[in-house]
Amino acid sequence: MSLLKQTGSLIKREILLEQRQKYAFYGVLLFVVSTVFVAKFSFRVINEVPVWNALFWIILLFASVTGVARSFAQESRGRLLYLYTLADPRAVLLAKMVYSIILMVFLGFAGLLVFSFLVGYPIQNSPLFFLALFLGCTGLAVAFTMISAIASKAGNNFTLMAILGFPVVIPLLLATLKLSKYAADGLAWNGALTYIGVLVTLNLVIAALAYLLFPYLWRD
Amino acid sequence: MKRNWWKILCVALLFFTFFAGLLVPLAPGLIKATSSVQSTYSGPFTVKVTGYNTHFKDQNASLSAWLINDNQNNCTNAIRVVDNTHLELDFPPIAPLTNPVFGLTVYNDKDGRLVMNNAISTIDTTRGGIVPVCHPVVKNEEQDHWAIPFQFILYESLRNLFFHVPMWFTMIALLSWALWNNLKYLRGFDLKYDQKANAAVNVGLVFGVLGLITGSLWARVTWGAWWVDDVKLNGTAITMLAYLAYAVLRNAMDDEQKRARVSAIYSIFAYVMMIVLIGILPRLQGTDSLHPGNGGNPGFNKYDLDNSIRPVFYCGVLGWILLGFWIYSLRLRIHKLHEHTLES
């Protein structure tokens with residue numbers, strides 16, 4: 001079986017697993033909704049773009065830590081070994097990555113829906129903001145999948161996951177924040193192109209690094 | 001002795017950097033000029049000038065001063081010398097040509113031509129009135145002795161260039177060496193390379209901290225705060241966090257091979273993020289940076305790094321990098337000895 005086919009069937013497996021353990025997915029969703037409510041109760045309505053932006057991305061950042069962290073942590077060591085004997089280890093990583101991307105993009109848009117419903121929606125250039133949201137969520141998913149793989153080798157510690165993850169995602173978040181600020185201020189696409197370029201490059205670089213380095217990582 | 005030639009070179013280079021960087025005097029220059037009146041046209045006025053490292057009193061005979069406005073030189077009526085660094089200049093009434101801002105030049109044979117742009121300004125709306133133009137006599141244009149160039153605002157803190165910038169060069173050199181060893185480790189799983197990478201990261205972090213401290217001092221002097229919101233500062237702070245996380249990660253695992261493998265992978269990630277944070281993000285247009293060469297600012301090469309200090313700077317860079325690798329080699333040897341005693 002080729003790498004792509006293996007990845008495809010492993011993604012199906014991830015979705016199947018998620019359907020069977022619905023509580024995990026709804027847990028993360030509930031996390032997003034309840035943090036949005038906390039924001040709502042403390043701010044009422046946010047009209048200032050930087051505050052709105054910062055709050056929204058902080059919520060998504062922590063949602064991604066809790067949501068994507070499970071990708072490797074939820075598997076027992078035996079089951080992972082079994083998967084590695086069945087398929088190319090890189091296919092396992094790719095499947096988890098793609099699944100995390102789907103999850104994070106969904107969480108991102110769901111979060112945006114709840115957030116804008118309760119706290120306000122100051123964005124003027126919506127298509128650009130959706131692009132920023134998509135790229136940012138993809139980046140968070142890709143980075144945290146790899147970090148989760150690293151952390152799972154070092155005892156699956158949640159603190160370790162945060163310590164390792166934040167330095168890697170901060171450049172990504174900085175570019176995303178800049179881009180969503182452009183979108184909020186309703187600026188033209190020309191100025192944003194640099195940051196779209198930076199985000200796409202960062203996503204590709206992190207994904208490529210993860211793909212290249214994972215063969216060294218999975219062995220025990 | 002033959003093997004240690006680079007250590008001797010390192011000491012010599014650093015000795016030269018400290019000697020030249022701290023002891024060579026700053027070139028003379030003008031720090032402050034204040035006018036006694038707001039309007040330069042309403043009557044004769046006096047400009048008080050403060051110089052630095054100047055020889056106004058010693059060179060009383062050759063002293064001359066003039067205001068520059070739109071390439072017209074306006075000479076003084078009289079020069080009163082207070083001491084070597086203070087002057088009082090009396091000017092006749094001057095109406096500006098088009099630009100309400102005057103530059104000031106003070107000349108004497110020893111200090112040469114000292115120029116201060118935007119020295120004083122006037123509220124005059126009368127333009128191009130009486131302009132007493134003069135042609136000052138200037139003999140000695142060249143400075144014959146070695147001096148650190150005089151830069152407005154930077155002044156003596158320019159010497160920090162020989163210490164602050166090489167710290168980052170050294171950190172990046174050590175972290176690159178760590179990256180190289182990480183890659184080598186992943187090729188053959190030889191623990192020797194893991195130790196090398198770890199020692200290089202540890203020493204690199206020390207140089208990063210030194211770079212932050214020297215940078216913080218410099219920021220206090222020139223920008224007015226110990227820490228400013230600057231992409232480059234934040235980027236380096238995050239880089240330090242990434243490499244500290246590397247240290248935490250190493251401590252979280254006991255098995256040597258596993259620790260080496262996992263931390264090598266994380267270290268490669270950290271290095272790539274460092275390149276993005278320090279090398280790419282600050283250089284983008286539209287970012288706020290106070291550093292030269294970033295956020296659309298011109299680089300140091302453009303104006304500050306002139307030929308008189310270039311050799312000191314390059315010696316400093318090479319000297320500090322050699323010192324970094326010297327400390328690194330010592331750390332590696334200590335580590336080996338430690339292992340040796342554990343084995344026996």
# chains A, B, ... in the order shown; residues from 1 in each chain; ligands from 1
call {"tool": "interface_residues", "arguments": {"of": "chain B", "to": "chain A", "cutoff": "6 Å", "atoms": "only C-alpha atoms", "output": "mmCIF file with C-alpha atoms, in the first residue's frame"}}
result
data_model
loop_
_atom_site.group_PDB
_atom_site.id
_atom_site.type_symbol
_atom_site.label_atom_id
_atom_site.label_comp_id
_atom_site.auth_asym_id
_atom_site.auth_seq_id
_atom_site.Cartn_x
_atom_site.Cartn_y
_atom_site.Cartn_z
ATOM 1 C CA ILE B 238 11.377 33.360 22.649
ATOM 2 C CA ALA B 242 12.861 27.354 23.195
ATOM 3 C CA ALA B 245 12.619 24.040 26.958
ATOM 4 C CA ALA B 252 12.557 14.654 31.603
ATOM 5 C CA MET B 253 14.113 11.487 30.174
#
call {"tool": "residues_around", "arguments": {"residues": "stretch 94-102 of chain A", "least_positions_apart": "4", "cutoff": "6 Å", "atoms": "only C-alpha atoms", "output": "list in words"}}
result
Thr7, Leu10, Ile11, Thr138, Ala141, Val142 and Thr145 of chain A
call {"tool": "write_last_selection", "arguments": {"atoms": "C-alpha atoms", "output": "short mmCIF file (atom, residue, chain, number, x, y, z; two decimals), in the first residue's frame"}}
result
data_model
loop_
_atom_site.label_atom_id
_atom_site.label_comp_id
_atom_site.auth_asym_id
_atom_site.auth_seq_id
_atom_site.Cartn_x
_atom_site.Cartn_y
_atom_site.Cartn_z
CA THR A 7 -2.69 7.74 5.40
CA LEU A 10 -5.55 5.84 9.10
CA ILE A 11 -7.49 9.12 8.89
CA THR A 138 -3.56 24.57 10.35
CA ALA A 141 -2.54 21.69 14.46
CA VAL A 142 0.64 20.75 12.59
CA THR A 145 0.83 17.19 16.55
#
call {"tool": "residues_around", "arguments": {"residues": "stretch 122-136 of chain A", "least_positions_apart": "3", "cutoff": "8 Å", "atoms": "only C-alpha atoms", "output": "ChimeraX atom specification"}}
result
/A:47-49,105,108-109,139-140,172-173,176,179-180,183-187,189,196,199-200,203
call {"tool": "write_last_selection", "arguments": {"atoms": "C-alpha atoms", "output": "PDB file, in the first residue's frame"}}
result
ATOM      1  CA  ASN A  47     -15.035  46.830  20.164  1.00  0.00           C
ATOM      2  CA  GLU A  48     -11.280  47.205  20.326  1.00  0.00           C
ATOM      3  CA  VAL A  49      -9.697  45.119  17.611  1.00  0.00           C
ATOM      4  CA  VAL A 105     -10.198  24.292  11.548  1.00  0.00           C
ATOM      5  CA  GLY A 108     -11.630  27.616  14.871  1.00  0.00           C
ATOM      6  CA  PHE A 109     -14.768  28.344  12.855  1.00  0.00           C
ATOM      7  CA  GLY A 139      -0.289  25.787  11.781  1.00  0.00           C
ATOM      8  CA  LEU A 140      -1.361  25.179  15.379  1.00  0.00           C
ATOM      9  CA  LEU A 172       3.184  31.356  13.898  1.00  0.00           C
ATOM     10  CA  LEU A 173       0.839  33.173  16.249  1.00  0.00           C
ATOM     11  CA  THR A 176      -1.459  35.156  12.422  1.00  0.00           C
ATOM     12  CA  LEU A 179      -2.746  39.021   9.499  1.00  0.00           C
ATOM     13  CA  SER A 180      -6.019  39.042  11.434  1.00  0.00           C
ATOM     14  CA  ALA A 183      -8.320  41.752   8.172  1.00  0.00           C
ATOM     15  CA  ALA A 184     -10.001  43.493  11.095  1.00  0.00           C
ATOM     16  CA  ASP A 185      -8.868  46.913   9.927  1.00  0.00           C
ATOM     17  CA  GLY A 186     -10.234  46.113   6.472  1.00  0.00           C
ATOM     18  CA  LEU A 187      -6.942  46.742   4.697  1.00  0.00           C
ATOM     19  CA  TRP A 189      -4.813  42.253   0.348  1.00  0.00           C
ATOM     20  CA  ILE A 196       0.164  35.106   4.124  1.00  0.00           C
ATOM     21  CA  LEU A 199       2.287  31.728   7.404  1.00  0.00           C
ATOM     22  CA  VAL A 200       2.184  29.338   4.449  1.00  0.00           C
ATOM     23  CA  ASN A 203       3.252  25.725   8.011  1.00  0.00           C
TER      24      ASN A 203
END
call {"tool": "closest_residue", "arguments": {"among": "B:Asp109, B:Leu97, B:Leu154, B:His335", "to": "B:Ala61", "atoms": "only C-alpha atoms"}}
result
B:Asp109
call {"tool": "closest_residue", "arguments": {"among": "A:Phe115, A:Ser152, A:Tyr26, A:Phe41", "to": "A:Leu103", "atoms": "only C-alpha atoms"}}
result
A:Tyr26
call {"tool": "residues_around", "arguments": {"residues": "B:Arg261", "least_positions_apart": "4", "cutoff": "7 Å", "atoms": "only C-alpha atoms", "output": "list in words"}}
result
Leu217 of chain A; Leu186, Gln257 and Ile265 of chain B
call {"tool": "write_last_selection", "arguments": {"atoms": "C-alpha atoms", "output": "PDB file, in the first residue's frame"}}
result
ATOM      1  CA  LEU A 217      11.352   9.710  16.759  1.00  0.00           C
TER       2      LEU A 217
ATOM      3  CA  LEU B 186      20.667  11.288  13.939  1.00  0.00           C
ATOM      4  CA  GLN B 257      19.728   7.114  23.643  1.00  0.00           C
ATOM      5  CA  ILE B 265      14.696  16.507  17.098  1.00  0.00           C
TER       6      ILE B 265
END
call {"tool": "atom_distance", "arguments": {"atom1": "atom CA of A:Ser2", "atom2": "atom CA of A:Pro215"}}
result
16.5 Å
